[in-house]
Every structure is written in structure tokens, then in C-alpha cells.
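J.: One file: start_16.cif (mmCIF, C-alpha atoms).
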data_query
loop_
_atom_site.group_PDB
_atom_site.id
_atom_site.type_symbol
_atom_site.label_atom_id
_atom_site.label_comp_id
_atom_site.auth_asym_id
_atom_site.auth_seq_id
_atom_site.Cartn_x
_atom_site.Cartn_y
_atom_site.Cartn_z
ATOM 1 C CA MET A 10 16.567 -0.305 8.280
ATOM 2 C CA LYS A 11 17.210 -2.880 5.600
ATOM 3 C CA TYR A 12 16.771 -2.343 1.861
ATOM 4 C CA ARG A 13 15.510 -4.415 -1.047
ATOM 5 C CA ARG A 14 15.904 -4.093 -4.788
ATOM 6 C CA PHE A 15 12.843 -2.511 -6.392
ATOM 7 C CA GLY A 16 12.298 -4.740 -9.411
ATOM 8 C CA ARG A 17 13.809 -3.848 -12.779
ATOM 9 C CA ILE A 18 13.974 -0.185 -11.817
ATOM 10 C CA GLY A 19 16.823 -1.109 -9.542
ATOM 11 C CA TRP A 20 16.242 1.321 -6.679
ATOM 12 C CA GLU A 21 17.311 0.115 -3.242
ATOM 13 C CA VAL A 22 14.248 0.919 -1.138
ATOM 14 C CA SER A 23 13.581 0.584 2.564
ATOM 15 C CA GLU A 24 11.742 -2.659 3.236
ATOM 16 C CA ILE A 25 9.477 -0.734 5.592
ATOM 17 C CA SER A 26 8.349 2.412 3.790
ATOM 18 C CA LEU A 27 5.416 4.766 4.403
ATOM 19 C CA GLY A 28 1.980 5.131 2.844
ATOM 20 C CA THR A 29 0.324 8.544 3.117
ATOM 21 C CA TRP A 30 -3.386 7.803 2.709
ATOM 22 C CA ALA A 31 -4.011 8.529 6.395
ATOM 23 C CA MET A 32 -2.293 11.912 6.061
ATOM 24 C CA GLY A 33 -4.767 12.972 3.400
ATOM 25 C CA ALA A 34 -8.277 11.878 4.313
ATOM 26 C CA GLU A 35 -10.674 9.088 5.276
ATOM 27 C CA TRP A 36 -8.856 8.099 8.471
ATOM 28 C CA GLY A 37 -10.346 10.638 10.844
ATOM 29 C CA ALA A 38 -8.802 13.953 11.845
ATOM 30 C CA VAL A 39 -5.349 14.786 10.469
ATOM 31 C CA ASP A 40 -2.897 17.541 11.270
ATOM 32 C CA ASP A 41 -0.337 18.683 8.704
ATOM 33 C CA GLU A 42 2.340 19.466 11.292
ATOM 34 C CA GLN A 43 1.989 15.996 12.769
ATOM 35 C CA SER A 44 2.146 14.550 9.281
ATOM 36 C CA ILE A 45 5.342 16.428 8.443
ATOM 37 C CA ALA A 46 6.844 15.299 11.742
ATOM 38 C CA ALA A 47 5.943 11.707 10.870
ATOM 39 C CA LEU A 48 7.506 12.023 7.412
ATOM 40 C CA LYS A 49 10.709 13.440 8.876
ATOM 41 C CA LYS A 50 10.820 10.699 11.498
ATOM 42 C CA ALA A 51 10.558 8.164 8.689
ATOM 43 C CA LEU A 52 13.552 9.698 6.930
ATOM 44 C CA ASP A 53 15.505 9.677 10.196
ATOM 45 C CA LEU A 54 14.801 5.958 10.537
ATOM 46 C CA GLY A 55 16.047 5.165 7.024
ATOM 47 C CA VAL A 56 12.778 5.177 5.081
ATOM 48 C CA ASN A 57 13.452 6.344 1.533
ATOM 49 C CA PHE A 58 10.173 5.533 -0.243
ATOM 50 C CA PHE A 59 6.757 7.152 0.137
ATOM 51 C CA ASP A 60 3.518 6.124 -1.545
ATOM 52 C CA THR A 61 0.748 8.644 -2.177
ATOM 53 C CA ALA A 62 -2.151 9.395 -4.552
ATOM 54 C CA ASP A 63 -3.811 12.401 -6.110
ATOM 55 C CA VAL A 64 -7.078 11.692 -4.261
ATOM 56 C CA TYR A 65 -5.603 11.495 -0.763
ATOM 57 C CA GLY A 66 -7.132 14.637 0.687
ATOM 58 C CA ASP A 67 -7.605 15.959 -2.869
ATOM 59 C CA GLY A 68 -3.827 16.213 -3.278
ATOM 60 C CA ARG A 69 -3.034 17.013 0.348
ATOM 61 C CA SER A 70 -0.639 14.083 0.779
ATOM 62 C CA GLU A 71 1.173 14.905 -2.457
ATOM 63 C CA ARG A 72 1.644 18.499 -1.349
ATOM 64 C CA LEU A 73 3.008 17.350 2.011
ATOM 65 C CA LEU A 74 5.702 15.429 0.150
ATOM 66 C CA GLN A 75 6.585 18.563 -1.820
ATOM 67 C CA ARG A 76 6.959 20.395 1.488
ATOM 68 C CA LEU A 77 9.093 17.570 2.880
ATOM 69 C CA ARG A 78 11.485 17.831 -0.038
ATOM 70 C CA LYS A 79 11.825 21.569 0.546
ATOM 71 C CA GLU A 80 12.495 21.129 4.263
ATOM 72 C CA THR A 81 15.063 18.327 4.085
ATOM 73 C CA ARG A 82 18.117 17.422 2.051
ATOM 74 C CA THR A 83 17.637 13.683 2.493
ATOM 75 C CA PRO A 84 16.815 12.067 -0.876
ATOM 76 C CA PHE A 85 13.756 9.852 -1.182
ATOM 77 C CA HIS A 86 11.509 8.259 -3.788
ATOM 78 C CA VAL A 87 7.847 9.134 -4.331
ATOM 79 C CA ALA A 88 5.262 6.894 -5.990
ATOM 80 C CA THR A 89 1.847 8.362 -6.672
ATOM 81 C CA LYS A 90 -1.371 7.044 -8.154
ATOM 82 C CA ALA A 91 -4.000 8.299 -10.579
ATOM 83 C CA GLY A 92 -7.451 7.332 -11.823
ATOM 84 C CA ARG A 93 -9.780 7.581 -8.855
ATOM 85 C CA ARG A 94 -10.676 11.151 -9.768
ATOM 86 C CA LEU A 95 -12.676 9.780 -12.673
ATOM 87 C CA ARG A 96 -16.437 10.295 -12.470
ATOM 88 C CA PRO A 97 -17.687 7.754 -13.277
ATOM 89 C CA HIS A 98 -14.792 5.468 -12.413
ATOM 90 C CA VAL A 99 -14.836 3.273 -15.520
ATOM 91 C CA ALA A 100 -12.160 1.565 -17.591
ATOM 92 C CA ALA A 101 -12.797 3.780 -20.610
ATOM 93 C CA GLY A 102 -11.767 6.786 -18.516
ATOM 94 C CA TYR A 103 -8.203 5.519 -18.291
ATOM 95 C CA ASP A 104 -7.342 7.150 -21.592
ATOM 96 C CA GLU A 105 -4.548 9.427 -22.758
ATOM 97 C CA GLN A 106 -6.475 12.649 -22.160
ATOM 98 C CA HIS A 107 -7.444 11.898 -18.564
ATOM 99 C CA LEU A 108 -4.132 10.327 -17.586
ATOM 100 C CA ALA A 109 -2.175 13.294 -18.968
ATOM 101 C CA ALA A 110 -4.332 15.701 -16.970
ATOM 102 C CA PHE A 111 -3.951 13.684 -13.794
ATOM 103 C CA VAL A 112 -0.183 13.537 -14.256
ATOM 104 C CA ASP A 113 0.085 17.292 -14.785
ATOM 105 C CA ARG A 114 -1.846 17.886 -11.572
ATOM 106 C CA SER A 115 0.386 15.518 -9.595
ATOM 107 C CA LEU A 116 3.499 17.152 -11.028
ATOM 108 C CA ARG A 117 2.310 20.467 -9.604
ATOM 109 C CA ASN A 118 1.297 18.960 -6.272
ATOM 110 C CA ILE A 119 4.615 17.170 -5.743
ATOM 111 C CA GLY A 120 6.646 19.983 -7.263
ATOM 112 C CA VAL A 121 8.654 17.971 -9.782
ATOM 113 C CA ASP A 122 9.149 17.914 -13.549
ATOM 114 C CA SER A 123 8.753 14.146 -13.863
ATOM 115 C CA LEU A 124 6.995 11.567 -11.682
ATOM 116 C CA GLU A 125 9.305 8.763 -10.582
ATOM 117 C CA LEU A 126 6.562 6.160 -10.476
ATOM 118 C CA LEU A 127 2.918 6.538 -11.501
ATOM 119 C CA GLN A 128 0.475 3.780 -10.606
ATOM 120 C CA LEU A 129 -3.017 3.272 -11.938
ATOM 121 C CA HIS A 130 -5.192 3.509 -8.833
ATOM 122 C CA CYS A 131 -7.162 0.261 -8.550
ATOM 123 C CA PRO A 132 -8.804 0.612 -11.955
ATOM 124 C CA PRO A 133 -11.778 -1.554 -12.985
ATOM 125 C CA ALA A 134 -10.796 -5.053 -14.073
ATOM 126 C CA ASP A 135 -11.670 -4.269 -17.694
ATOM 127 C CA THR A 136 -8.740 -1.829 -17.795
ATOM 128 C CA TYR A 137 -6.338 -4.759 -18.053
ATOM 129 C CA TYR A 138 -7.958 -5.675 -21.352
ATOM 130 C CA ARG A 139 -7.396 -2.207 -22.800
ATOM 131 C CA PRO A 140 -3.864 -2.096 -24.268
ATOM 132 C CA GLU A 141 -4.510 1.514 -25.272
ATOM 133 C CA THR A 142 -4.351 2.480 -21.588
ATOM 134 C CA PHE A 143 -0.827 1.115 -21.287
ATOM 135 C CA ALA A 144 0.127 2.654 -24.614
ATOM 136 C CA ALA A 145 -0.926 6.014 -23.165
ATOM 137 C CA LEU A 146 1.372 5.397 -20.204
ATOM 138 C CA ASP A 147 4.194 4.552 -22.613
ATOM 139 C CA ASP A 148 3.598 7.887 -24.328
ATOM 140 C CA LEU A 149 3.833 9.705 -20.988
ATOM 141 C CA VAL A 150 7.185 8.016 -20.388
ATOM 142 C CA LYS A 151 8.393 9.096 -23.839
ATOM 143 C CA ALA A 152 7.253 12.639 -23.106
ATOM 144 C CA GLY A 153 9.270 12.651 -19.885
ATOM 145 C CA LYS A 154 6.217 13.263 -17.690
ATOM 146 C CA ILE A 155 6.717 9.955 -15.866
ATOM 147 C CA GLN A 156 9.791 7.774 -15.501
ATOM 148 C CA HIS A 157 8.158 4.444 -14.665
ATOM 149 C CA TYR A 158 4.650 3.095 -14.215
ATOM 150 C CA GLY A 159 2.812 0.350 -12.407
ATOM 151 C CA VAL A 160 -0.630 -0.500 -11.083
ATOM 152 C CA SER A 161 -2.400 -0.859 -7.774
ATOM 153 C CA VAL A 162 -4.832 -3.776 -7.783
ATOM 154 C CA GLU A 163 -7.680 -5.101 -5.674
ATOM 155 C CA ARG A 164 -7.475 -8.745 -6.711
ATOM 156 C CA VAL A 165 -4.766 -11.306 -7.349
ATOM 157 C CA GLU A 166 -6.174 -11.984 -10.811
ATOM 158 C CA GLU A 167 -5.763 -8.318 -11.742
ATOM 159 C CA GLY A 168 -2.153 -8.419 -10.594
ATOM 160 C CA LEU A 169 -1.425 -11.481 -12.695
ATOM 161 C CA LYS A 170 -3.065 -9.864 -15.711
ATOM 162 C CA ALA A 171 -1.051 -6.657 -15.204
ATOM 163 C CA LEU A 172 2.155 -8.698 -15.308
ATOM 164 C CA GLU A 173 1.426 -9.447 -18.959
ATOM 165 C CA PHE A 174 2.140 -5.839 -19.936
ATOM 166 C CA PRO A 175 5.920 -5.658 -20.477
ATOM 167 C CA ASN A 176 6.438 -2.107 -19.209
ATOM 168 C CA VAL A 177 4.525 -2.498 -15.940
ATOM 169 C CA GLU A 178 7.351 -2.222 -13.405
ATOM 170 C CA SER A 179 5.492 -2.395 -10.107
ATOM 171 C CA ILE A 180 2.306 -3.811 -8.661
ATOM 172 C CA GLN A 181 0.733 -2.713 -5.397
ATOM 173 C CA ILE A 182 -1.419 -5.297 -3.662
ATOM 174 C CA ILE A 183 -3.026 -6.048 -0.291
ATOM 175 C CA PHE A 184 -1.132 -8.775 1.530
ATOM 176 C CA ASN A 185 -1.120 -9.462 5.252
ATOM 177 C CA MET A 186 -1.822 -12.116 7.879
ATOM 178 C CA LEU A 187 -5.537 -11.776 7.074
ATOM 179 C CA ARG A 188 -5.110 -11.727 3.259
ATOM 180 C CA GLN A 189 -2.686 -14.488 2.360
ATOM 181 C CA ARG A 190 -3.686 -15.502 -1.154
ATOM 182 C CA PRO A 191 -0.968 -13.431 -2.941
ATOM 183 C CA ALA A 192 1.624 -15.808 -1.463
ATOM 184 C CA GLU A 193 0.225 -18.745 -3.441
ATOM 185 C CA ARG A 194 1.317 -17.587 -6.878
ATOM 186 C CA PHE A 195 1.387 -13.840 -7.368
ATOM 187 C CA LEU A 196 4.504 -12.927 -5.371
ATOM 188 C CA ALA A 197 6.600 -15.625 -7.009
ATOM 189 C CA GLU A 198 5.410 -14.666 -10.481
ATOM 190 C CA ALA A 199 6.170 -10.973 -9.897
ATOM 191 C CA GLN A 200 9.626 -11.891 -8.623
ATOM 192 C CA ARG A 201 10.247 -14.124 -11.641
ATOM 193 C CA ARG A 202 9.475 -11.216 -13.944
ATOM 194 C CA ALA A 203 11.504 -8.760 -11.805
ATOM 195 C CA VAL A 204 8.421 -6.635 -11.151
ATOM 196 C CA ALA A 205 8.472 -4.739 -7.851
ATOM 197 C CA THR A 206 5.710 -5.316 -5.307
ATOM 198 C CA LEU A 207 4.353 -2.722 -2.894
ATOM 199 C CA ILE A 208 2.422 -4.273 -0.028
ATOM 200 C CA ARG A 209 -0.422 -2.081 1.145
ATOM 201 C CA VAL A 210 -2.927 -2.434 4.004
ATOM 202 C CA PRO A 211 -0.319 -4.581 5.800
ATOM 203 C CA LEU A 212 -2.008 -4.088 9.181
ATOM 204 C CA ALA A 213 -5.543 -4.654 7.876
ATOM 205 C CA SER A 214 -6.643 -1.063 8.569
ATOM 206 C CA GLY A 215 -5.225 -1.266 12.081
ATOM 207 C CA MET A 216 -6.891 -4.574 12.954
ATOM 208 C CA LEU A 217 -3.452 -6.181 13.217
ATOM 209 C CA THR A 218 -2.282 -3.675 15.797
ATOM 210 C CA GLY A 219 -4.408 -5.581 18.302
ATOM 211 C CA LYS A 220 -5.718 -2.317 19.732
ATOM 212 C CA PHE A 221 -9.364 -2.647 18.691
ATOM 213 C CA SER A 222 -12.292 -4.224 20.488
ATOM 214 C CA ALA A 223 -16.009 -4.691 19.933
ATOM 215 C CA ALA A 224 -16.496 -1.336 21.652
ATOM 216 C CA SER A 225 -14.068 0.623 19.432
ATOM 217 C CA LYS A 226 -15.555 3.628 17.678
ATOM 218 C CA PHE A 227 -14.350 5.311 14.488
ATOM 219 C CA ALA A 228 -15.004 8.850 13.308
ATOM 220 C CA ALA A 229 -17.724 9.439 10.733
ATOM 221 C CA ASP A 230 -15.097 10.455 8.142
ATOM 222 C CA ASP A 231 -13.004 7.326 8.786
ATOM 223 C CA HIS A 232 -13.490 4.583 6.161
ATOM 224 C CA ARG A 233 -13.462 2.032 8.981
ATOM 225 C CA SER A 234 -16.807 3.521 9.904
ATOM 226 C CA PHE A 235 -18.417 4.119 6.505
ATOM 227 C CA ASN A 236 -16.955 1.458 4.184
ATOM 228 C CA ARG A 237 -17.157 -1.839 6.054
ATOM 229 C CA HIS A 238 -19.402 -3.321 3.391
ATOM 230 C CA GLY A 239 -17.963 -1.493 0.381
ATOM 231 C CA GLU A 240 -20.334 1.471 0.482
ATOM 232 C CA ALA A 241 -17.727 3.927 -0.870
ATOM 233 C CA PHE A 242 -15.048 1.755 -2.510
ATOM 234 C CA ASP A 243 -13.925 -1.866 -2.548
ATOM 235 C CA ALA A 244 -14.752 -3.548 0.758
ATOM 236 C CA GLY A 245 -11.372 -5.262 0.698
ATOM 237 C CA GLU A 246 -9.694 -1.942 1.508
ATOM 238 C CA THR A 247 -11.342 -1.835 4.953
ATOM 239 C CA PHE A 248 -10.104 -4.418 7.470
ATOM 240 C CA SER A 249 -8.949 -6.375 4.397
ATOM 241 C CA GLY A 250 -12.541 -7.374 3.778
ATOM 242 C CA VAL A 251 -12.709 -9.415 6.980
ATOM 243 C CA PRO A 252 -15.909 -9.047 9.049
ATOM 244 C CA TYR A 253 -15.003 -6.959 12.083
ATOM 245 C CA GLU A 254 -15.928 -9.475 14.789
ATOM 246 C CA VAL A 255 -14.177 -12.279 12.907
ATOM 247 C CA GLY A 256 -11.036 -10.182 12.666
ATOM 248 C CA LEU A 257 -11.087 -9.508 16.395
ATOM 249 C CA ALA A 258 -11.309 -13.230 17.142
ATOM 250 C CA ALA A 259 -8.386 -14.024 14.846
ATOM 251 C CA VAL A 260 -6.286 -11.251 16.374
ATOM 252 C CA GLU A 261 -6.747 -12.716 19.859
ATOM 253 C CA GLU A 262 -5.155 -15.912 18.564
ATOM 254 C CA LEU A 263 -2.327 -14.054 16.818
ATOM 255 C CA LYS A 264 -1.456 -12.107 19.962
ATOM 256 C CA ARG A 265 -0.182 -15.352 21.491
ATOM 257 C CA LEU A 266 2.589 -15.455 18.868
ATOM 258 C CA VAL A 267 4.080 -12.037 19.646
ATOM 259 C CA PRO A 268 7.633 -12.337 21.026
ATOM 260 C CA GLY A 269 8.697 -10.411 24.087
ATOM 261 C CA GLY A 270 9.574 -6.789 23.462
ATOM 262 C CA ALA A 271 7.598 -6.641 20.214
ATOM 263 C CA THR A 272 4.090 -5.611 19.246
ATOM 264 C CA LEU A 273 1.514 -7.480 17.184
ATOM 265 C CA ALA A 274 1.881 -4.815 14.471
ATOM 266 C CA GLN A 275 5.616 -5.434 14.286
ATOM 267 C CA LEU A 276 5.073 -9.185 14.119
ATOM 268 C CA ALA A 277 2.532 -8.682 11.324
ATOM 269 C CA LEU A 278 4.978 -6.591 9.300
ATOM 270 C CA ARG A 279 7.854 -9.009 9.930
ATOM 271 C CA TRP A 280 5.612 -11.841 8.707
ATOM 272 C CA ILE A 281 5.249 -10.065 5.371
ATOM 273 C CA LEU A 282 9.018 -9.614 5.107
ATOM 274 C CA MET A 283 9.425 -13.392 5.257
ATOM 275 C CA PHE A 284 8.367 -13.523 1.589
ATOM 276 C CA ASP A 285 11.130 -12.956 -0.974
ATOM 277 C CA GLY A 286 8.716 -11.568 -3.552
ATOM 278 C CA VAL A 287 8.031 -8.505 -1.380
ATOM 279 C CA SER A 288 9.893 -5.336 -2.396
ATOM 280 C CA THR A 289 8.570 -2.938 0.230
ATOM 281 C CA ILE A 290 5.721 -2.560 2.706
ATOM 282 C CA ILE A 291 3.845 0.739 2.942
ATOM 283 C CA PRO A 292 2.066 0.902 6.312
ATOM 284 C CA GLY A 293 0.409 4.198 7.093
ATOM 285 C CA GLY A 294 1.217 6.467 9.994
ATOM 286 C CA LYS A 295 -0.181 9.823 11.091
ATOM 287 C CA ASN A 296 2.375 10.643 13.776
ATOM 288 C CA PRO A 297 6.048 9.952 14.560
ATOM 289 C CA GLN A 298 5.301 7.265 17.149
ATOM 290 C CA GLN A 299 3.302 5.179 14.698
ATOM 291 C CA VAL A 300 6.090 5.456 12.141
ATOM 292 C CA GLU A 301 8.729 4.475 14.690
ATOM 293 C CA ASP A 302 6.694 1.474 15.826
ATOM 294 C CA ASN A 303 6.262 0.260 12.257
ATOM 295 C CA CYS A 304 9.926 0.669 11.388
ATOM 296 C CA GLY A 305 10.818 -1.384 14.438
ATOM 297 C CA ALA A 306 9.585 -4.457 12.575
ATOM 298 C CA ALA A 307 12.729 -4.418 10.440
ATOM 299 C CA ALA A 308 14.821 -5.262 13.511
ATOM 300 C CA LEU A 309 12.850 -8.363 14.503
ATOM 301 C CA PRO A 310 14.461 -11.745 13.817
ATOM 302 C CA PRO A 311 12.935 -13.971 11.146
ATOM 303 C CA LEU A 312 9.840 -15.894 12.178
ATOM 304 C CA THR A 313 10.303 -19.578 12.864
ATOM 305 C CA ASP A 314 8.639 -22.299 10.829
ATOM 306 C CA GLU A 315 6.417 -22.943 13.831
ATOM 307 C CA GLN A 316 5.298 -19.310 13.939
ATOM 308 C CA MET A 317 4.594 -19.298 10.218
ATOM 309 C CA ARG A 318 2.489 -22.452 10.517
ATOM 310 C CA ALA A 319 0.605 -20.977 13.460
ATOM 311 C CA VAL A 320 -0.258 -17.834 11.512
ATOM 312 C CA ARG A 321 -1.520 -19.951 8.635
ATOM 313 C CA ALA A 322 -3.626 -22.035 10.992
ATOM 314 C CA VAL A 323 -5.356 -18.921 12.314
ATOM 315 C CA TYR A 324 -5.983 -17.785 8.743
ATOM 316 C CA ASP A 325 -7.430 -21.123 7.706
ATOM 317 C CA ARG A 326 -9.673 -21.338 10.775
ATOM 318 C CA TYR A 327 -11.036 -17.801 10.909
ATOM 319 C CA ILE A 328 -10.269 -15.802 7.786
ATOM 320 C CA GLY A 329 -9.958 -17.861 4.628
ATOM 321 C CA PRO A 330 -13.674 -18.610 4.182
ATOM 322 C CA HIS A 331 -14.451 -14.882 4.163
ATOM 323 C CA VAL A 332 -11.724 -13.528 1.862
ATOM 324 C CA HIS A 333 -9.626 -16.161 0.120
ATOM 325 C CA GLN A 334 -11.609 -16.550 -3.096
ATOM 326 C CA ARG A 335 -12.884 -12.954 -3.192
ATOM 327 C CA TRP A 336 -9.548 -11.190 -3.605
#
Since I need it in another form, could you write the structure as C-alpha cells?
T.:
Amino acid sequence: MKYRRFGRIGWEVSEISLGTWAMGAEWGAVDDEQSIAALKKALDLGVNFFDTADVYGDGRSERLLQRLRKETRTPFHVATKAGRRLRPHVAAGYDEQHLAAFVDRSLRNIGVDSLELLQLHCPPADTYYRPETFAALDDLVKAGKIQHYGVSVERVEEGLKALEFPNVESIQIIFNMLRQRPAERFLAEAQRRAVATLIRVPLASGMLTGKFSAASKFAADDHRSFNRHGEAFDAGETFSGVPYEVGLAAVEELKRLVPGGATLAQLALRWILMFDGVSTIIPGGKNPQQVEDNCGAAALPPLTDEQMRAVRAVYDRYIGPHVHQRW
């Protein structure tokens, strides 16, 4: 495993880390013992950063990380998120009262006295025009409830707007072979300001594993079944917003670029690591094998200029018209 500096905070974090959405809910059946085994495998492989949220299984993923800390002596960082518990989910809800309550709940779930990193969980765009929201986060830092804060965004424009707030120390964003727009400006701007970036949905909800086909079926409680058109949350979270059949066609082209001994998923993760503005990638994994496969990307050699151009050509031909200006 290799490590990268995490923005101004200064942590040295594993460049391949682990997201825990799939361990909580909305990715089909989950098993806590398998999840714990996956978390421990990650630690064994050098992962020292885990991303979670209070809504993943209604706190299930957060509680798994509390259990992990009790069952291992290996130190690790935890970033969680808050805001999606709001009903309705509106910008005005991101106020001091709600945020304080969400933080207290996460403190209990994770079993700590202070959250290392709290991220606003894809709030409505209007939130970035409410300085009182970020003042409330500053107050939580002063109170010792959180140590640092950042945001998770849906769109590049939201990420750029978040960078204007001086105490935002991290931004989580979707970036992968099928969602390339962040590379145009956002990553460089975040790096210039020494703001950490967490890359989520790096495998486009599994599309970039190359294991799906037109006949693939997903469980009823899997967002890849019920949110393809944004029925439950932003459509960009599912297959990166790419129409399913279009994604399959692009993946067939990308498979030709996979070097011997590697997988398409590993190539996709290594592609992301080619960008200096990336602090860490947080692919999901529900079992030890998935975690091990993902971490294997760190050992791949850098992609050649020819490979990078080929990936871009596939994006321009198949993907860009569907997603580039939307997110």
C-alpha cells in the first residue's frame, strides 16, 4: 500500500481506502461477520482510512467501525457523513440544531468522544450559499465534537463552491473512467488550496468491474435496481449516471486495455491514482476478496500516455454526452 497526504489535515492515508455504504444497506444482502472480515482484511493490507455515514443501514456501518476498533489494535481514521436523515432534505435543515443532533448520534455509533472528520452528505446546492451552516460546523469544532469537516458533493460546481469556505478541509466527489469532468478543473483547484479529495463511486457501482451484462439482475433492495433514474436519490450515484446499456458498451472497449495479471477494476482504480489531486479512493467491498482485489490496484505500474488517451477516447465516444455537463 502507498500513502498520500490528506490535505491540510496532514494525515498520511492509504491511497486505496474503503467505503462502507455496501456494508450498511442498499446493495443487496449484507452479513455483519463478512463485513468485519472485510474491514480486518483492509487493515491487514495497509488501509488506514474508512468512510461511512449515519444513514448507511441506519448507523449499521458506523457501529461496525466501533466494533472493529474494539477488536483490533491497528489505528485507523474514520470519516462519517451527516444530513441525509433530514425529512425533508432541504438546505435550511443543515442548521446548528440538526447538525449537533446528528453528530451526537454518530459519536455514540462510532464510540468516540470526537469525530475525526464530519462531511455534509450531498446537501442541496443552496447549502453552499448558507454561511450559517458552515458557522455551525465551526462551532462544533470549537466544542470538540468534531475535529475537522468537509463535504460530499454531487456536482463539480458544488465542489468548487465548497472550496470557498476556508475551513472546509475535504471534498468527496464521484470521479472515475465514466465520470471524468472533475479532472478538468476541480482536482487541480482542490490541490492548490490543499483540500483533501475523497474519490467515491470509483467503479461506477460495479460497472467498471466488467462483471455485468444485459442479463444481470440486482436485488430489489439494491440501488442498482431501484435508482437507475434517480427515483430515490441523485441518479449520478447509480452507475455514475450512465445509462446501463451504454455503460456496458464502454466497458467492452475498456477491457481491451487491461494488462495481463490485472482486472478491469484494478485498472480503473489505478487510472484514478494517475491524478495528483486525488488524496484517497474509497471503493466499497462487502467481503475480504473484494477488498483484496481493490487494494491490488496500488501495485499496478502507472498507466502509459497511450492508455490514458485510450480511456479518454472511450469516454468521449460513449459516455461524455450522457454525463459530462450534468455533474
J.: On this structure, which residues satisfy the PyMOL selection byres ((chain A and resi 178) around 12), written as a count of residues only?
T.: 41
J.: Might you pull out every residue within 10 Å of A:Arg233, with only C-alpha atoms counted and same-chain residues fewer than 3 positions away left off, and present them as a count of residues only?
T.: 17
J.: Between atom CA of A:Ala34 and atom CA of A:Arg69, measure the distance and give it in Å to one decimal.
T.: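 Taking atom CA of A:Ala34 and atom CA of A:Arg69, their separation equals 8.3 Å.
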J.: Please expand the PyMOL selection byres ((chain A and resi 101) around 10) into the concrete residues it hits in this file, giving the result as a VMD selection string.
T.: chain A and resid 95 97 to 100 102 to 104 107 133 135 to 136 139 141 to 142
J.: Residue by residue, what does the PyMOL selection byres ((chain A and resi 209) around 12) grab here? Present the result as a PDB file with C-alpha atoms, in the coordinates of the input.
T.:
ATOM      1  CA  ILE A  25       9.477  -0.734   5.592  1.00  0.00           C
ATOM      2  CA  SER A  26       8.349   2.412   3.790  1.00  0.00           C
ATOM      3  CA  LEU A  27       5.416   4.766   4.403  1.00  0.00           C
ATOM      4  CA  GLY A  28       1.980   5.131   2.844  1.00  0.00           C
ATOM      5  CA  THR A  29       0.324   8.544   3.117  1.00  0.00           C
ATOM      6  CA  TRP A  30      -3.386   7.803   2.709  1.00  0.00           C
ATOM      7  CA  PHE A  59       6.757   7.152   0.137  1.00  0.00           C
ATOM      8  CA  ASP A  60       3.518   6.124  -1.545  1.00  0.00           C
ATOM      9  CA  THR A  61       0.748   8.644  -2.177  1.00  0.00           C
ATOM     10  CA  SER A 161      -2.400  -0.859  -7.774  1.00  0.00           C
ATOM     11  CA  VAL A 162      -4.832  -3.776  -7.783  1.00  0.00           C
ATOM     12  CA  GLU A 163      -7.680  -5.101  -5.674  1.00  0.00           C
ATOM     13  CA  ILE A 180       2.306  -3.811  -8.661  1.00  0.00           C
ATOM     14  CA  GLN A 181       0.733  -2.713  -5.397  1.00  0.00           C
ATOM     15  CA  ILE A 182      -1.419  -5.297  -3.662  1.00  0.00           C
ATOM     16  CA  ILE A 183      -3.026  -6.048  -0.291  1.00  0.00           C
ATOM     17  CA  PHE A 184      -1.132  -8.775   1.530  1.00  0.00           C
ATOM     18  CA  ASN A 185      -1.120  -9.462   5.252  1.00  0.00           C
ATOM     19  CA  ARG A 188      -5.110 -11.727   3.259  1.00  0.00           C
ATOM     20  CA  THR A 206       5.710  -5.316  -5.307  1.00  0.00           C
ATOM     21  CA  LEU A 207       4.353  -2.722  -2.894  1.00  0.00           C
ATOM     22  CA  ILE A 208       2.422  -4.273  -0.028  1.00  0.00           C
ATOM     23  CA  VAL A 210      -2.927  -2.434   4.004  1.00  0.00           C
ATOM     24  CA  PRO A 211      -0.319  -4.581   5.800  1.00  0.00           C
ATOM     25  CA  LEU A 212      -2.008  -4.088   9.181  1.00  0.00           C
ATOM     26  CA  ALA A 213      -5.543  -4.654   7.876  1.00  0.00           C
ATOM     27  CA  SER A 214      -6.643  -1.063   8.569  1.00  0.00           C
ATOM     28  CA  GLY A 215      -5.225  -1.266  12.081  1.00  0.00           C
ATOM     29  CA  GLY A 245     -11.372  -5.262   0.698  1.00  0.00           C
ATOM     30  CA  GLU A 246      -9.694  -1.942   1.508  1.00  0.00           C
ATOM     31  CA  THR A 247     -11.342  -1.835   4.953  1.00  0.00           C
ATOM     32  CA  PHE A 248     -10.104  -4.418   7.470  1.00  0.00           C
ATOM     33  CA  SER A 249      -8.949  -6.375   4.397  1.00  0.00           C
ATOM     34  CA  LEU A 278       4.978  -6.591   9.300  1.00  0.00           C
ATOM     35  CA  ILE A 281       5.249 -10.065   5.371  1.00  0.00           C
ATOM     36  CA  VAL A 287       8.031  -8.505  -1.380  1.00  0.00           C
ATOM     37  CA  SER A 288       9.893  -5.336  -2.396  1.00  0.00           C
ATOM     38  CA  THR A 289       8.570  -2.938   0.230  1.00  0.00           C
ATOM     39  CA  ILE A 290       5.721  -2.560   2.706  1.00  0.00           C
ATOM     40  CA  ILE A 291       3.845   0.739   2.942  1.00  0.00           C
ATOM     41  CA  PRO A 292       2.066   0.902   6.312  1.00  0.00           C
ATOM     42  CA  GLY A 293       0.409   4.198   7.093  1.00  0.00           C
TER      43      GLY A 293
END
J.: Residues proximal to (8.5, 7.4, 12.6) were defined as those with any atom within 6 Å of that point in the file's coordinates, counting only C-alpha atoms. Which are they, as a list of chain:residue names?
T.: A:Ala47, A:Lys50, A:Ala51, A:Pro297, A:Gln298, A:Val300, A:Glu301
J.: So how many Å separate atom CA of A:Gly329 and atom CA of A:Gln316, to one decimal?
T.: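 Separation of atom CA of A:Gly329 and atom CA of A:Gln316: 17.9 Å.
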J.: To one decimal place, how far is atom CA of A:Ala319 from atom CA of A:Ala197 in Å?
T.: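 According to the coordinates, atom CA of A:Ala319 and atom CA of A:Ala197 are separated by 22.0 Å.
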J.: Could you tell me which of A:Ala224, A:Ala322, A:Leu54, A:Leu217 comes closest to A:Leu276 if we count only C-alpha atoms?
T.: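 So, comparing all the options, the nearest one is A:Leu217.
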J.: Taking every listed atom of stretch 12-30 of chain A and adding 8 Å to each side, what centre and edge lengths in Å (one decimal) does the axis-aligned box have, as JSON?
T.:
{"center_x": 7.0, "center_y": 1.9, "center_z": -3.6, "size_x": 36.7, "size_y": 29.3, "size_z": 34.4}
J.: Between A:Gly270, A:Ala62, A:Pro132, A:Asp314, which has the minimum distance to A:Phe111 (counting only C-alpha atoms)?
T.: A:Ala62
J.: Pick the closest to A:Asp231 from A:Met10, A:Cys304, A:Gly33, A:Pro140: which is it, counting only C-alpha atoms?
T.: A:Gly33
J.: Extract, using all atoms listed in the file, all DNA, RNA and protein residues at most 9 Å from A:Ala308, discarding same-chain residues fewer than 2 positions from it, and format them as JSON, numbers by chain.
T.: {"A": [10, 11, 279, 304, 305, 306, 310]}
J.: I need the residue nearest A:Arg265 from this list: A:Leu196, A:Gly219, A:Arg117, A:Arg93. Use all atoms listed in the file for the distance.
T.: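 Smallest separation from A:Arg265 among the options: A:Gly219.
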